[in-house]
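Participant: Please find query.txt (compact mmCIF, C-alpha atoms and all ligand atoms) on the next line:
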# COMPACT_ATOMS: atom_id res chain seq x y z
CA MET S 22 40.35 63.24 -54.84
CA PHE S 23 41.25 66.92 -54.75
CA LEU S 24 38.80 67.85 -52.02
CA LYS S 25 40.00 65.17 -49.64
CA ARG S 26 42.82 67.40 -48.40
CA PHE S 27 40.14 69.62 -46.86
CA PHE S 28 38.29 66.82 -45.08
CA PRO S 29 38.64 66.60 -41.31
CA THR S 30 39.25 63.26 -39.62
CA TYR S 31 36.35 64.05 -37.30
CA ILE S 32 33.64 66.63 -36.86
CA PHE S 33 32.19 67.62 -33.52
CA GLU S 34 29.80 70.24 -32.28
CA SER S 35 32.34 71.95 -30.02
CA VAL S 36 35.62 71.43 -28.19
CA GLN S 37 33.87 70.29 -25.03
CA THR S 38 31.91 67.58 -26.87
CA ILE S 39 34.99 65.77 -28.18
CA PRO S 40 34.95 62.43 -26.36
CA TYR S 41 38.14 61.14 -24.80
CA GLU S 42 37.42 57.74 -26.37
CA THR S 43 37.96 59.23 -29.82
CA LEU S 44 41.33 60.66 -28.81
CA GLU S 45 42.30 57.41 -27.17
CA LYS S 46 41.28 55.38 -30.22
CA GLU S 47 43.47 57.56 -32.44
CA GLY S 48 46.39 57.56 -30.01
CA ILE S 49 46.15 61.32 -29.54
CA LYS S 50 48.27 62.58 -26.66
CA ALA S 51 48.41 66.25 -27.56
CA ILE S 52 46.06 68.76 -29.11
CA ILE S 53 46.91 71.86 -31.08
CA PHE S 54 44.07 74.35 -30.74
CA ASP S 55 42.97 77.08 -33.02
CA MET S 56 41.97 80.00 -30.78
CA ASP S 57 39.45 82.36 -32.40
CA ASN S 58 36.01 80.87 -32.75
CA THR S 59 37.29 77.49 -31.55
CA LEU S 60 38.21 78.17 -27.91
CA VAL S 61 36.93 81.73 -27.59
CA ASP S 62 34.29 83.98 -29.10
CA TYR S 63 34.86 87.42 -30.60
CA LYS S 64 34.98 88.91 -27.11
CA TYR S 65 37.78 86.47 -26.24
CA GLU S 66 35.51 84.70 -23.80
CA TYR S 67 35.02 80.99 -23.43
CA VAL S 68 32.35 78.86 -21.82
CA ASP S 69 33.05 77.14 -18.48
CA GLU S 70 32.59 73.73 -20.09
CA ILE S 71 35.84 74.25 -22.00
CA LYS S 72 37.82 74.52 -18.80
CA VAL S 73 36.10 71.45 -17.35
CA TRP S 74 36.85 69.49 -20.51
CA LEU S 75 40.48 70.61 -20.55
CA ALA S 76 40.92 69.59 -16.92
CA GLU S 77 39.44 66.15 -17.64
CA MET S 78 41.68 65.61 -20.65
CA ASN S 79 44.64 66.86 -18.68
CA LYS S 80 44.02 64.19 -16.07
CA LYS S 81 44.21 61.61 -18.85
CA GLY S 82 47.59 62.99 -19.85
CA ILE S 83 46.61 65.03 -22.90
CA LYS S 84 48.78 68.10 -23.55
CA PHE S 85 47.63 71.31 -25.23
CA CYS S 86 48.94 74.25 -27.18
CA ILE S 87 47.36 77.18 -29.04
CA LEU S 88 48.31 77.76 -32.66
CA SER S 89 46.74 80.96 -33.88
CA ASN S 90 47.06 83.05 -37.02
CA THR S 91 46.24 86.12 -34.98
CA PRO S 92 48.89 88.82 -34.62
CA ARG S 93 47.36 89.79 -31.25
CA LYS S 94 49.98 88.33 -28.97
CA SER S 95 48.72 89.92 -25.74
CA LYS S 96 45.24 88.45 -26.21
CA ALA S 97 46.59 85.01 -27.00
CA LYS S 98 48.90 85.16 -24.00
CA LEU S 99 46.01 86.00 -21.71
CA ILE S 100 43.81 83.17 -23.00
CA ALA S 101 46.66 80.66 -23.04
CA GLU S 102 47.70 81.47 -19.49
CA ASP S 103 44.13 81.31 -18.30
CA LEU S 104 43.62 77.92 -19.93
CA GLY S 105 47.02 76.68 -18.82
CA MET S 106 48.72 76.09 -22.13
CA LYS S 107 51.50 77.46 -24.32
CA TYR S 108 50.70 79.48 -27.43
CA ILE S 109 51.98 80.46 -30.84
CA VAL S 110 50.71 83.53 -32.73
CA ASN S 111 51.25 84.60 -36.35
CA ALA S 112 51.11 80.91 -37.16
CA SER S 113 50.46 81.21 -40.93
CA LYS S 114 48.19 78.18 -40.99
CA PRO S 115 47.74 76.28 -43.32
CA TRP S 116 51.54 76.38 -43.77
CA SER S 117 53.56 73.93 -41.74
CA LYS S 118 56.00 76.22 -39.94
CA GLY S 119 53.70 76.88 -36.99
CA PHE S 120 52.68 73.24 -36.71
CA LYS S 121 56.34 72.24 -36.48
CA LYS S 122 56.87 74.78 -33.73
CA ALA S 123 53.83 73.45 -31.90
CA ILE S 124 54.99 69.84 -31.82
CA ASP S 125 58.39 71.04 -30.65
CA ILE S 126 56.74 72.89 -27.78
CA LEU S 127 54.59 69.86 -27.00
CA ARG S 128 57.62 67.57 -27.27
CA ILE S 129 55.62 64.96 -29.06
CA ASN S 130 55.69 62.84 -32.18
CA LYS S 131 53.36 63.92 -35.00
CA ASP S 132 51.53 60.58 -34.84
CA HIS S 133 50.04 61.50 -31.49
CA VAL S 134 48.82 64.99 -32.33
CA ALA S 135 45.52 66.38 -33.54
CA ILE S 136 44.49 69.90 -34.42
CA VAL S 137 41.09 71.17 -33.35
CA GLY S 138 39.77 74.17 -35.26
CA ASP S 139 36.74 75.80 -36.84
CA GLN S 140 38.14 76.59 -40.28
CA ILE S 141 38.65 74.17 -43.12
CA PHE S 142 41.11 76.24 -45.14
CA THR S 143 43.48 77.05 -42.31
CA ASP S 144 43.11 74.55 -39.46
CA ILE S 145 41.97 71.42 -41.28
CA TRP S 146 43.91 71.84 -44.50
CA GLY S 147 46.97 72.84 -42.47
CA GLY S 148 46.70 69.81 -40.21
CA ASN S 149 46.18 67.48 -43.14
CA ARG S 150 49.18 68.99 -44.99
CA PHE S 151 51.30 68.55 -41.91
CA GLY S 152 50.13 64.98 -41.50
CA ILE S 153 48.25 65.02 -38.21
CA LYS S 154 44.68 64.14 -37.30
CA THR S 155 42.18 66.94 -37.80
CA ILE S 156 39.04 67.73 -35.86
CA LEU S 157 36.59 70.32 -37.11
CA VAL S 158 34.30 72.03 -34.61
CA LYS S 159 31.52 74.49 -35.26
CA PRO S 160 32.53 78.14 -34.86
CA VAL S 161 31.77 79.54 -31.42
CA ASN S 162 29.97 82.53 -32.84
CA LYS S 163 28.64 83.83 -36.05
CA ARG S 164 30.24 87.20 -35.84
CA GLU S 165 33.30 86.89 -37.95
CA ILE S 166 35.74 89.04 -39.82
CA ILE S 167 34.87 89.65 -43.46
CA VAL S 168 37.49 87.34 -44.94
CA THR S 169 36.21 84.47 -42.83
CA ARG S 170 32.66 85.10 -43.88
CA VAL S 171 33.62 84.99 -47.53
CA ARG S 172 35.18 81.58 -46.99
CA ARG S 173 32.13 80.03 -45.37
CA PRO S 174 30.18 79.14 -48.55
CA LEU S 175 33.27 77.32 -49.82
CA GLU S 176 33.53 75.49 -46.53
CA ARG S 177 29.92 74.44 -46.83
CA TYR S 178 30.68 73.07 -50.29
CA VAL S 179 33.60 71.04 -48.94
CA LEU S 180 31.48 69.73 -46.08
CA ARG S 181 28.73 68.66 -48.47
CA LYS S 182 31.28 66.66 -50.42
CA TYR S 183 32.66 65.27 -47.18
CA TYR S 184 29.29 63.91 -46.17
CA GLU S 185 28.65 62.58 -49.67
CA ASN S 186 31.86 60.59 -49.27
CA SER S 187 31.10 59.39 -45.79
CA GLU S 188 30.42 55.86 -47.02
CA ASN S 189 33.95 55.63 -48.38
CA GLY S 190 35.57 54.88 -45.08
CA LEU S 191 35.63 58.42 -43.74
CA LYS S 192 35.15 58.70 -40.04
CA ILE S 193 32.29 60.87 -38.94
CA GLU S 194 31.28 60.89 -35.32
CA ASN S 195 28.77 63.66 -35.54
CA ASN S 196 27.03 64.03 -38.86
CA GLU S 197 24.95 67.02 -37.98
CA GLU S 198 26.00 69.59 -40.52
CA GLY S 199 23.89 72.53 -39.39
CA GLU S 200 24.06 76.08 -40.64
CA ASN S 201 26.89 78.37 -39.71
MG MG J 1 39.27 79.97 -35.86
How does this structure look as structure tokens?
Ligand SMILES: [Mg+2]
Facilitator:
Amino acid sequence: MFLKRFFPTYIFESVQTIPYETLEKEGIKAIIFDMDNTLVDYKYEYVDEIKVWLAEMNKKGIKFCILSNTPRKSKAKLIAEDLGMKYIVNASKPWSKGFKKAIDILRINKDHVAIVGDQIFTDIWGGNRFGIKTILVKPVNKREIIVTRVRRPLERYVLRKYYENSENGLKIENNEEGEN
């Protein structure tokens, strides 16, 4: 089915609500993070719970890296350093180049990597194309750049189809669709 390429492996409310058990079950040892609206809001701020969650996962041996389409290197550097991870900007998601770079940085086999992001047509499609697990989270804030806003109705359409197909063996941990 054409739309399946846009379906995430899992959907969660936020980064900090992703349970370790899910990562463990999937053999995930490293996470590639989208930055904008996934880790941080439009002011480049993040909630404390993110840091707590990262520290917990870190203790379990999970590694992290930021993969962002943003050209704003200085911002990404600041966030990445603060959260204790490496980063890649100008990533051109959904194309694979950045993903390849990320797994090189993480020194890990594709089979043990997941991407966590808020956008279906960059993060999720990109992760699926590259052949890693994909986790969709709700965007941190509603204030988005125009191009993102235009994409949202399409994303809602994909998500509707995703939930319609949920009986067909798709894994959904959190089936609360909600409004973006
Ligand atoms: Mg994003």
Participant: For Gly152 (chain S), which residue out of S:Phe85, S:Phe23, S:Glu42, S:Thr30 is the nearest one, using only C-alpha atoms?
Facilitator: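 Result for the nearest residue to Gly152 (chain S): S:Thr30.
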Participant: For ligand MG 1 (chain J), return the neighbouring residues as a ChimeraX atom specification (distance at most 12 Å; all atoms listed in the file).
Facilitator: /S:54-63,65,87-91,112,114-115,136-145,157-166,168-170,172-173
Participant: Take the selection from the previous step and output its residues with C-alpha atoms, as a PDB file, keeping the file's coordinate frame.
Facilitator:
ATOM      1  CA  PHE S  54      44.070  74.350 -30.740  1.00  0.00           C
ATOM      2  CA  ASP S  55      42.970  77.080 -33.020  1.00  0.00           C
ATOM      3  CA  MET S  56      41.970  80.000 -30.780  1.00  0.00           C
ATOM      4  CA  ASP S  57      39.450  82.360 -32.400  1.00  0.00           C
ATOM      5  CA  ASN S  58      36.010  80.870 -32.750  1.00  0.00           C
ATOM      6  CA  THR S  59      37.290  77.490 -31.550  1.00  0.00           C
ATOM      7  CA  LEU S  60      38.210  78.170 -27.910  1.00  0.00           C
ATOM      8  CA  VAL S  61      36.930  81.730 -27.590  1.00  0.00           C
ATOM      9  CA  ASP S  62      34.290  83.980 -29.100  1.00  0.00           C
ATOM     10  CA  TYR S  63      34.860  87.420 -30.600  1.00  0.00           C
ATOM     11  CA  TYR S  65      37.780  86.470 -26.240  1.00  0.00           C
ATOM     12  CA  ILE S  87      47.360  77.180 -29.040  1.00  0.00           C
ATOM     13  CA  LEU S  88      48.310  77.760 -32.660  1.00  0.00           C
ATOM     14  CA  SER S  89      46.740  80.960 -33.880  1.00  0.00           C
ATOM     15  CA  ASN S  90      47.060  83.050 -37.020  1.00  0.00           C
ATOM     16  CA  THR S  91      46.240  86.120 -34.980  1.00  0.00           C
ATOM     17  CA  ALA S 112      51.110  80.910 -37.160  1.00  0.00           C
ATOM     18  CA  LYS S 114      48.190  78.180 -40.990  1.00  0.00           C
ATOM     19  CA  PRO S 115      47.740  76.280 -43.320  1.00  0.00           C
ATOM     20  CA  ILE S 136      44.490  69.900 -34.420  1.00  0.00           C
ATOM     21  CA  VAL S 137      41.090  71.170 -33.350  1.00  0.00           C
ATOM     22  CA  GLY S 138      39.770  74.170 -35.260  1.00  0.00           C
ATOM     23  CA  ASP S 139      36.740  75.800 -36.840  1.00  0.00           C
ATOM     24  CA  GLN S 140      38.140  76.590 -40.280  1.00  0.00           C
ATOM     25  CA  ILE S 141      38.650  74.170 -43.120  1.00  0.00           C
ATOM     26  CA  PHE S 142      41.110  76.240 -45.140  1.00  0.00           C
ATOM     27  CA  THR S 143      43.480  77.050 -42.310  1.00  0.00           C
ATOM     28  CA  ASP S 144      43.110  74.550 -39.460  1.00  0.00           C
ATOM     29  CA  ILE S 145      41.970  71.420 -41.280  1.00  0.00           C
ATOM     30  CA  LEU S 157      36.590  70.320 -37.110  1.00  0.00           C
ATOM     31  CA  VAL S 158      34.300  72.030 -34.610  1.00  0.00           C
ATOM     32  CA  LYS S 159      31.520  74.490 -35.260  1.00  0.00           C
ATOM     33  CA  PRO S 160      32.530  78.140 -34.860  1.00  0.00           C
ATOM     34  CA  VAL S 161      31.770  79.540 -31.420  1.00  0.00           C
ATOM     35  CA  ASN S 162      29.970  82.530 -32.840  1.00  0.00           C
ATOM     36  CA  LYS S 163      28.640  83.830 -36.050  1.00  0.00           C
ATOM     37  CA  ARG S 164      30.240  87.200 -35.840  1.00  0.00           C
ATOM     38  CA  GLU S 165      33.300  86.890 -37.950  1.00  0.00           C
ATOM     39  CA  ILE S 166      35.740  89.040 -39.820  1.00  0.00           C
ATOM     40  CA  VAL S 168      37.490  87.340 -44.940  1.00  0.00           C
ATOM     41  CA  THR S 169      36.210  84.470 -42.830  1.00  0.00           C
ATOM     42  CA  ARG S 170      32.660  85.100 -43.880  1.00  0.00           C
ATOM     43  CA  ARG S 172      35.180  81.580 -46.990  1.00  0.00           C
ATOM     44  CA  ARG S 173      32.130  80.030 -45.370  1.00  0.00           C
TER      45      ARG S 173
END
Participant: Pick the closest to Trp116 (chain S) from S:Arg93, S:Phe33, S:Lys81, S:Trp146: which is it, counting only C-alpha atoms?
Facilitator: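 Answer, going by the shortest atom-to-atom distance: S:Trp146.
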Participant: Quick check, in Å to one decimal: how far apart do CA of Ile153 (chain S) and CA of Lys107 (chain S) lie?
Facilitator: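 Distance between the two atoms: 18.9 Å.
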